[in-house]
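Student: Mind looking over this structure? Questions follow.
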Amino acid sequence: MSNKRDYYEVLGVSKGADTAEIKKAYRKLALKYHPDKNEDDTAAEDKFKEAAEAYEILSNAEKKSRYDQFGHAGMGGASGFGGGGGGMNMDDIFSQFGDIFGGGGGGGGFGGARGGSRVIKGSNLRVKMKLTLQEIAEGVQKKIKVNKLVNAHGVTYKDCGTCNGTGRITRVSQTFLGAMQTQSTCNVCRGAGKMIDKKPKEVDDQGLTRKEEVVEIEIPAGVEEGMQLSVSGKGNAGPFDGIPGDLIVVIEELEDENLRRDGEHLHYDAYVNFVDAVLGETIEIPTVSGKAKIKVDPGTQSGKVLRLKGKGLPMVQRYGQGDLFVHINVWTPKKVSNEEKEILEKLKESENFEPTPDYHDKGFFQRMKDMFQ
């Protein structure tokens with residue numbers, strides 16, 4: 001289990017909090033634990049990073065929805081900044097959430113040492129992951145190879161000549177009210193404030209090169225077809241020594257040869273011969289974790305459904321386990337010997353072999369209703 005605190009608890013807001021409440025709560029904590037107000041205080045710095053991590057998730061509608069459903073497991077083992085913010089770079093926080101502090105200079109009212117340049121985040125990568133029913137039932141760790149852009153070695157940078165390293169361009173225009181000054185992100189360096197000075201031949205003009213990396217992904221139990229998990233920081237690196245984007249893992253479910261899935265429930269078609277249906281028998285059926293034996297009572301009709309409670313899949317959005325429903329099908333032989341035919345002809349004359357379908361039983365539908373509740 002993750003040892004991270006609940007993100008709502010970190011910010012001190014309820015799950016029903018709207019975007020404005022979440023932003024207000026984060027700003028309050030960020031100002032309280034800001035490193036410029038708490039010099040050499042590692043505890044305050046950790047709280048500052050923890051608050052930034054919580055805000056990064058809860059302020060993003062897609063990530064918030066995924067977190068509400070799956071908790072920390074749905075974040076792929078990490079948020080946008082990684083475990084508790086421990087691997088975070090302060091510049092990452094100021095580059096993404098500088099507007100929280102007011103002003104356009106990243107550090108806001110806490111000094112302009114960080115300047116107006118920003119760290120650029122790389123693009124996300126998207127991969128598909130195929131899982132068996134057993135892997136879905138138990139949860140699994142997977143390793144995959146990802147070909148992505150990384151920050152290259154041997155690259156040196158210089159200040160952007162267009163914005164003089166600030167990352168922003170200031171323009172002054174004359175209006176009938178007087179001179180108006182506007183600022184915009186530098187279109188040459190994209191706000192990074194720097195440009196490539198020297199680079200190896202195989203590196204592009206943004207300081208990036210391609211590299212294959214093995215990424216380990218934690219898949220929580222109970223995921224479904226089409227669900228998306230996010231692994232923070234495993235996407236493409238950002239230009240000009242920027243921070244990496246995320247790796248988005250899209251779940252694909254492989255069809256099982258025996259079991260059919262219906263949400264957290266599983267279904268299995270069991271076939272029994274006519275004699276076993278009449279006399280009763282114990283049969284073996286497959287489950288997602290192995291095999292199980294169930295009793296077919298004497299006189300069991302084709303179409304009867306037996307319920308094995310808790311033999312389904314984990315409920316990924318809440319606690320609990322689904323059930324396995326076994327559908328009984330009575331198999332009728334297509335060919336019989338003369339001797340067998342004589343026996344069946346004699347049985348046919350018995351009143352016990354007169355059809356009495358269950359649907360004539362007034363309690364049949366109620367029993368079926370009770371079974372699926």
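Chain lettering (A, B, ...) mirrors the order of the structure tokens, residue numbering begins at 1 for each chain separately, and ligand numbering begins at 1 in order of display.
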At most 7 Å is the cut-off: for each residue in segment 107-210 of chain A with any atom that close to an atom of segment 242-254 of chain A, write down the nearest atom pair and the distance in Å rounded to one decimal, counting only C-alpha atoms, chain first then increasing number, as CSV.

Tutor:
residue,atom,partner,partner_atom,distance
A:Val119,CA,A:Gly242,CA,5.2
A:Ile120,CA,A:Gly242,CA,4.8
A:Lys121,CA,A:Ile243,CA,4.8
A:Gly122,CA,A:Gly245,CA,4.5
A:Ser123,CA,A:Gly245,CA,4.9
A:Asn124,CA,A:Asp246,CA,4.7
A:Leu125,CA,A:Leu247,CA,4.8
A:Arg126,CA,A:Ile248,CA,4.6
A:Val127,CA,A:Val249,CA,5.1
A:Lys128,CA,A:Val250,CA,4.7
A:Met129,CA,A:Ile251,CA,5.2
A:Lys130,CA,A:Glu252,CA,4.6
A:Leu131,CA,A:Glu253,CA,5.2
A:Thr132,CA,A:Leu254,CA,5.2
A:Leu133,CA,A:Leu254,CA,7.0

Student: Generate a file of the selected residues that holds N, CA, C and O atoms, formatted as a short mmCIF file (atom, residue, chain, number, x, y, z; two decimals), in the first residue's frame.

Tutor:
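Written file, again-v2.cif:
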data_model
loop_
_atom_site.label_atom_id
_atom_site.label_comp_id
_atom_site.auth_asym_id
_atom_site.auth_seq_id
_atom_site.Cartn_x
_atom_site.Cartn_y
_atom_site.Cartn_z
N VAL A 119 10.50 26.23 -16.98
CA VAL A 119 10.93 24.90 -17.41
C VAL A 119 9.81 24.30 -18.25
O VAL A 119 8.66 24.28 -17.83
N ILE A 120 10.13 23.83 -19.43
CA ILE A 120 9.12 23.32 -20.35
C ILE A 120 8.90 21.83 -20.10
O ILE A 120 9.85 21.04 -20.02
N LYS A 121 7.66 21.45 -20.00
CA LYS A 121 7.32 20.04 -19.79
C LYS A 121 7.18 19.33 -21.13
O LYS A 121 6.61 19.87 -22.08
N GLY A 122 7.70 18.12 -21.19
CA GLY A 122 7.63 17.33 -22.41
C GLY A 122 6.24 16.76 -22.66
O GLY A 122 5.36 16.81 -21.80
N SER A 123 6.04 16.21 -23.82
CA SER A 123 4.74 15.65 -24.19
C SER A 123 4.53 14.28 -23.56
O SER A 123 5.48 13.58 -23.21
N ASN A 124 3.27 13.92 -23.40
CA ASN A 124 2.93 12.61 -22.86
C ASN A 124 3.09 11.53 -23.93
O ASN A 124 2.96 11.80 -25.13
N LEU A 125 3.37 10.32 -23.48
CA LEU A 125 3.39 9.16 -24.37
C LEU A 125 2.22 8.27 -24.02
O LEU A 125 1.79 8.20 -22.86
N ARG A 126 1.70 7.57 -25.00
CA ARG A 126 0.55 6.68 -24.78
C ARG A 126 0.89 5.29 -25.30
O ARG A 126 1.32 5.12 -26.44
N VAL A 127 0.69 4.28 -24.44
CA VAL A 127 0.94 2.90 -24.84
C VAL A 127 -0.27 2.05 -24.46
O VAL A 127 -1.03 2.39 -23.55
N LYS A 128 -0.45 0.94 -25.17
CA LYS A 128 -1.51 -0.01 -24.85
C LYS A 128 -0.90 -1.21 -24.14
O LYS A 128 0.19 -1.67 -24.51
N MET A 129 -1.59 -1.71 -23.14
CA MET A 129 -1.10 -2.87 -22.40
C MET A 129 -2.18 -3.95 -22.38
O MET A 129 -3.29 -3.72 -21.90
N LYS A 130 -1.84 -5.13 -22.90
CA LYS A 130 -2.78 -6.24 -22.92
C LYS A 130 -2.61 -7.08 -21.65
O LYS A 130 -1.49 -7.45 -21.28
N LEU A 131 -3.75 -7.38 -21.00
CA LEU A 131 -3.73 -8.12 -19.75
C LEU A 131 -4.67 -9.32 -19.83
O LEU A 131 -5.75 -9.24 -20.41
N THR A 132 -4.24 -10.43 -19.21
CA THR A 132 -5.11 -11.59 -19.10
C THR A 132 -6.08 -11.36 -17.95
O THR A 132 -5.87 -10.50 -17.09
N LEU A 133 -7.11 -12.19 -17.90
CA LEU A 133 -8.10 -12.09 -16.83
C LEU A 133 -7.45 -12.37 -15.47
O LEU A 133 -7.79 -11.73 -14.46
#

Student: Give me the residues within 12 Å of Ala137 of chain A as an mmCIF file with N, CA, C and O atoms, in the first residue's frame, counting only C-alpha atoms and dropping any in the same chain fewer than 3 places off.

Tutor:
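result.cif written:
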data_model
loop_
_atom_site.group_PDB
_atom_site.id
_atom_site.type_symbol
_atom_site.label_atom_id
_atom_site.label_comp_id
_atom_site.auth_asym_id
_atom_site.auth_seq_id
_atom_site.Cartn_x
_atom_site.Cartn_y
_atom_site.Cartn_z
ATOM 1 N N LEU A 131 -3.749 -7.377 -21.005
ATOM 2 C CA LEU A 131 -3.728 -8.120 -19.748
ATOM 3 C C LEU A 131 -4.665 -9.317 -19.826
ATOM 4 O O LEU A 131 -5.750 -9.241 -20.414
ATOM 5 N N THR A 132 -4.238 -10.430 -19.215
ATOM 6 C CA THR A 132 -5.108 -11.588 -19.104
ATOM 7 C C THR A 132 -6.080 -11.361 -17.946
ATOM 8 O O THR A 132 -5.872 -10.495 -17.090
ATOM 9 N N LEU A 133 -7.113 -12.194 -17.902
ATOM 10 C CA LEU A 133 -8.100 -12.091 -16.827
ATOM 11 C C LEU A 133 -7.455 -12.368 -15.470
ATOM 12 O O LEU A 133 -7.789 -11.732 -14.465
ATOM 13 N N GLN A 134 -6.520 -13.281 -15.431
ATOM 14 C CA GLN A 134 -5.833 -13.594 -14.176
ATOM 15 C C GLN A 134 -4.996 -12.413 -13.703
ATOM 16 O O GLN A 134 -4.962 -12.099 -12.515
ATOM 17 N N VAL A 140 -0.813 -6.690 -11.229
ATOM 18 C CA VAL A 140 0.452 -7.184 -11.758
ATOM 19 C C VAL A 140 1.435 -6.034 -11.985
ATOM 20 O O VAL A 140 1.028 -4.885 -12.174
ATOM 21 N N ILE A 219 0.055 -2.286 -12.079
ATOM 22 C CA ILE A 219 -1.341 -2.351 -12.504
ATOM 23 C C ILE A 219 -2.199 -2.817 -11.329
ATOM 24 O O ILE A 219 -2.017 -3.934 -10.839
ATOM 25 N N PRO A 220 -3.126 -1.991 -10.849
ATOM 26 C CA PRO A 220 -3.984 -2.421 -9.731
ATOM 27 C C PRO A 220 -4.975 -3.486 -10.166
ATOM 28 O O PRO A 220 -5.351 -3.555 -11.344
ATOM 29 N N ALA A 221 -5.395 -4.322 -9.228
ATOM 30 C CA ALA A 221 -6.355 -5.381 -9.532
ATOM 31 C C ALA A 221 -7.715 -4.785 -9.899
ATOM 32 O O ALA A 221 -8.124 -3.762 -9.357
ATOM 33 N N GLY A 222 -8.399 -5.435 -10.845
ATOM 34 C CA GLY A 222 -9.763 -5.052 -11.189
ATOM 35 C C GLY A 222 -9.913 -4.048 -12.301
ATOM 36 O O GLY A 222 -11.025 -3.597 -12.579
ATOM 37 N N VAL A 223 -8.817 -3.656 -12.970
ATOM 38 C CA VAL A 223 -8.931 -2.661 -14.045
ATOM 39 C C VAL A 223 -9.788 -3.222 -15.177
ATOM 40 O O VAL A 223 -9.961 -4.438 -15.312
ATOM 41 N N GLU A 224 -10.310 -2.324 -16.004
ATOM 42 C CA GLU A 224 -11.205 -2.727 -17.086
ATOM 43 C C GLU A 224 -10.699 -2.218 -18.431
ATOM 44 O O GLU A 224 -9.859 -1.316 -18.501
ATOM 45 N N GLU A 253 -8.030 -5.725 -22.558
ATOM 46 C CA GLU A 253 -8.323 -6.984 -21.870
ATOM 47 C C GLU A 253 -8.380 -8.133 -22.874
ATOM 48 O O GLU A 253 -9.143 -8.086 -23.835
ATOM 49 N N ARG A 261 -16.581 -11.910 -18.794
ATOM 50 C CA ARG A 261 -16.602 -10.853 -17.774
ATOM 51 C C ARG A 261 -17.809 -9.944 -17.946
ATOM 52 O O ARG A 261 -18.187 -9.596 -19.056
ATOM 53 N N GLY A 263 -18.407 -6.624 -15.792
ATOM 54 C CA GLY A 263 -18.003 -5.773 -14.671
ATOM 55 C C GLY A 263 -17.119 -6.552 -13.720
ATOM 56 O O GLY A 263 -16.105 -7.130 -14.118
ATOM 57 N N GLU A 264 -17.510 -6.626 -12.448
ATOM 58 C CA GLU A 264 -16.738 -7.401 -11.470
ATOM 59 C C GLU A 264 -17.186 -8.858 -11.404
ATOM 60 O O GLU A 264 -16.583 -9.678 -10.708
ATOM 61 N N HIS A 265 -18.260 -9.200 -12.143
ATOM 62 C CA HIS A 265 -18.773 -10.569 -12.137
ATOM 63 C C HIS A 265 -18.219 -11.371 -13.314
ATOM 64 O O HIS A 265 -17.873 -10.821 -14.363
ATOM 65 N N LEU A 266 -18.171 -12.702 -13.120
ATOM 66 C CA LEU A 266 -17.731 -13.614 -14.167
ATOM 67 C C LEU A 266 -18.830 -14.633 -14.444
ATOM 68 O O LEU A 266 -19.624 -14.959 -13.555
ATOM 69 N N THR A 287 -11.949 -21.312 -12.409
ATOM 70 C CA THR A 287 -12.139 -19.986 -11.834
ATOM 71 C C THR A 287 -10.961 -19.131 -12.272
ATOM 72 O O THR A 287 -10.020 -19.631 -12.900
ATOM 73 N N VAL A 288 -10.986 -17.878 -11.937
ATOM 74 C CA VAL A 288 -9.907 -16.988 -12.366
ATOM 75 C C VAL A 288 -8.596 -17.312 -11.656
ATOM 76 O O VAL A 288 -7.515 -16.971 -12.142
ATOM 77 N N SER A 289 -8.672 -18.013 -10.529
ATOM 78 C CA SER A 289 -7.461 -18.325 -9.769
ATOM 79 C C SER A 289 -7.131 -19.818 -9.739
ATOM 80 O O SER A 289 -6.220 -20.235 -9.056
ATOM 81 N N GLY A 290 -7.905 -20.640 -10.467
ATOM 82 C CA GLY A 290 -7.638 -22.073 -10.467
ATOM 83 C C GLY A 290 -8.877 -22.856 -10.845
ATOM 84 O O GLY A 290 -9.479 -22.626 -11.892
ATOM 85 N N GLY A 310 -18.049 -14.256 -4.306
ATOM 86 C CA GLY A 310 -16.664 -13.835 -4.089
ATOM 87 C C GLY A 310 -15.653 -14.461 -5.025
ATOM 88 O O GLY A 310 -14.446 -14.284 -4.843
ATOM 89 N N LYS A 311 -16.105 -15.205 -6.043
ATOM 90 C CA LYS A 311 -15.183 -15.840 -6.983
ATOM 91 C C LYS A 311 -15.041 -15.038 -8.279
ATOM 92 O O LYS A 311 -14.525 -15.539 -9.277
ATOM 93 N N GLY A 312 -15.493 -13.781 -8.232
ATOM 94 C CA GLY A 312 -15.345 -12.913 -9.398
ATOM 95 C C GLY A 312 -14.081 -12.079 -9.316
ATOM 96 O O GLY A 312 -13.039 -12.543 -8.838
ATOM 97 N N LEU A 313 -14.167 -10.814 -9.728
ATOM 98 C CA LEU A 313 -13.011 -9.911 -9.763
ATOM 99 C C LEU A 313 -13.112 -8.848 -8.682
ATOM 100 O O LEU A 313 -14.213 -8.513 -8.236
ATOM 101 N N PRO A 314 -11.957 -8.296 -8.260
ATOM 102 C CA PRO A 314 -11.995 -7.183 -7.305
ATOM 103 C C PRO A 314 -12.717 -5.980 -7.908
ATOM 104 O O PRO A 314 -12.671 -5.762 -9.122
ATOM 105 N N MET A 315 -13.386 -5.218 -7.056
ATOM 106 C CA MET A 315 -14.078 -4.010 -7.509
ATOM 107 C C MET A 315 -13.082 -2.855 -7.432
ATOM 108 O O MET A 315 -12.733 -2.402 -6.341
ATOM 109 N N VAL A 316 -12.623 -2.413 -8.582
ATOM 110 C CA VAL A 316 -11.533 -1.444 -8.610
ATOM 111 C C VAL A 316 -11.949 -0.085 -8.062
ATOM 112 O O VAL A 316 -11.131 0.669 -7.552
ATOM 113 N N GLN A 321 -15.624 -7.940 -3.783
ATOM 114 C CA GLN A 321 -15.285 -8.893 -4.823
ATOM 115 C C GLN A 321 -16.562 -9.316 -5.546
ATOM 116 O O GLN A 321 -17.605 -9.493 -4.922
ATOM 117 N N GLY A 322 -16.478 -9.470 -6.851
ATOM 118 C CA GLY A 322 -17.625 -9.931 -7.616
ATOM 119 C C GLY A 322 -17.858 -11.422 -7.452
ATOM 120 O O GLY A 322 -17.139 -12.112 -6.713
#

Student: Using only C-alpha atoms, which of A:Glu351, A:Glu339, A:Glu9, A:Asp269 sits nearest Leu58 of chain A?

Tutor: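 Ranking A:Glu351, A:Glu339, A:Glu9, A:Asp269 by distance to Leu58 of chain A, first place goes to A:Glu9.
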
Student: Can you tell me which residues surround segment 143-156 of chain A at a distance of at most 10 Å, considering only C-alpha atoms, apart from same-chain residues fewer than 4 positions away, and format the answer as a PyMOL selection string?

Tutor: chain A and resi 122-127+129+194-200+202-204+206-218+234-244+247

Student: Skipping near chain neighbours, those fewer than 4 positions away, what residues fall within 8 Å of Asp276 of chain A using only C-alpha atoms, listed as a list of chain:residue names?

Tutor: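 Once the nearby chain positions are removed, what remains is A:Val272, A:Gly280, A:Glu281, A:Val296, A:Pro298.
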
Student: Please report the interatomic distance between atom CA of Tyr33 of chain A and atom CA of Glu45 of chain A in Å with one decimal.

Tutor: 6.5 Å

Student: I'd like the neighbourhood of segment 302-304 of chain A as a PyMOL selection string, where a residue qualifies if any of its atoms comes within 10 Å (using only C-alpha atoms), though same-chain residues fewer than 5 positions away should be ignored.

Tutor: chain A and resi 269-272+274+277+296+326-331+357-358+368

Student: Out of segment 176-347 of chain A, which residues get helix (DSSP H, G or I) from DSSP, as JSON, numbers by chain?

Tutor: {"A": [274, 275, 276, 277, 278, 279, 338, 339, 340, 341, 342, 343, 344, 345, 346, 347]}

Student: Can I get the selected residues back with N, CA and C atoms, as a short mmCIF file (atom, residue, chain, number, x, y, z; two decimals), in the first residue's frame?

Tutor:
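Ended up saving to part.cif:
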data_model
loop_
_atom_site.label_atom_id
_atom_site.label_comp_id
_atom_site.auth_asym_id
_atom_site.auth_seq_id
_atom_site.Cartn_x
_atom_site.Cartn_y
_atom_site.Cartn_z
N PHE A 274 -27.13 -35.77 -19.52
CA PHE A 274 -28.52 -35.96 -19.10
C PHE A 274 -28.60 -36.76 -17.80
N VAL A 275 -27.80 -37.81 -17.69
CA VAL A 275 -27.85 -38.68 -16.51
C VAL A 275 -27.41 -37.93 -15.26
N ASP A 276 -26.33 -37.15 -15.37
CA ASP A 276 -25.85 -36.38 -14.21
C ASP A 276 -26.86 -35.33 -13.79
N ALA A 277 -27.57 -34.75 -14.76
CA ALA A 277 -28.59 -33.76 -14.43
C ALA A 277 -29.74 -34.42 -13.67
N VAL A 278 -30.04 -35.67 -14.02
CA VAL A 278 -31.13 -36.39 -13.35
C VAL A 278 -30.72 -36.87 -11.96
N LEU A 279 -29.55 -37.50 -11.88
CA LEU A 279 -29.11 -38.14 -10.64
C LEU A 279 -28.31 -37.21 -9.72
N ASN A 338 -28.93 -48.93 -30.11
CA ASN A 338 -30.25 -49.54 -30.05
C ASN A 338 -30.63 -49.87 -28.60
N GLU A 339 -29.65 -50.37 -27.85
CA GLU A 339 -29.91 -50.70 -26.44
C GLU A 339 -30.28 -49.45 -25.64
N GLU A 340 -29.53 -48.38 -25.87
CA GLU A 340 -29.81 -47.13 -25.17
C GLU A 340 -31.18 -46.58 -25.57
N LYS A 341 -31.51 -46.76 -26.84
CA LYS A 341 -32.80 -46.28 -27.33
C LYS A 341 -33.95 -47.01 -26.66
N GLU A 342 -33.81 -48.32 -26.46
CA GLU A 342 -34.84 -49.11 -25.79
C GLU A 342 -35.04 -48.62 -24.35
N ILE A 343 -33.91 -48.35 -23.67
CA ILE A 343 -33.99 -47.86 -22.29
C ILE A 343 -34.71 -46.53 -22.23
N LEU A 344 -34.37 -45.65 -23.16
CA LEU A 344 -34.99 -44.32 -23.18
C LEU A 344 -36.48 -44.40 -23.50
N GLU A 345 -36.85 -45.36 -24.37
CA GLU A 345 -38.27 -45.52 -24.71
C GLU A 345 -39.07 -45.96 -23.48
N LYS A 346 -38.46 -46.82 -22.65
CA LYS A 346 -39.13 -47.26 -21.42
C LYS A 346 -39.26 -46.09 -20.43
N LEU A 347 -38.17 -45.29 -20.34
CA LEU A 347 -38.19 -44.14 -19.43
C LEU A 347 -39.24 -43.13 -19.85
#

Student: Any idea what the distance is between atom CA of Val13 of chain A and atom CA of Gly320 of chain A?

Tutor: 26.9 Å

Student: Would you mind reading off the distance between atom CA of Gly299 of chain A and atom CA of Pro333 of chain A, one decimal, in Å?

Tutor: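 Taking atom CA of Gly299 of chain A and atom CA of Pro333 of chain A, their separation equals 17.8 Å.
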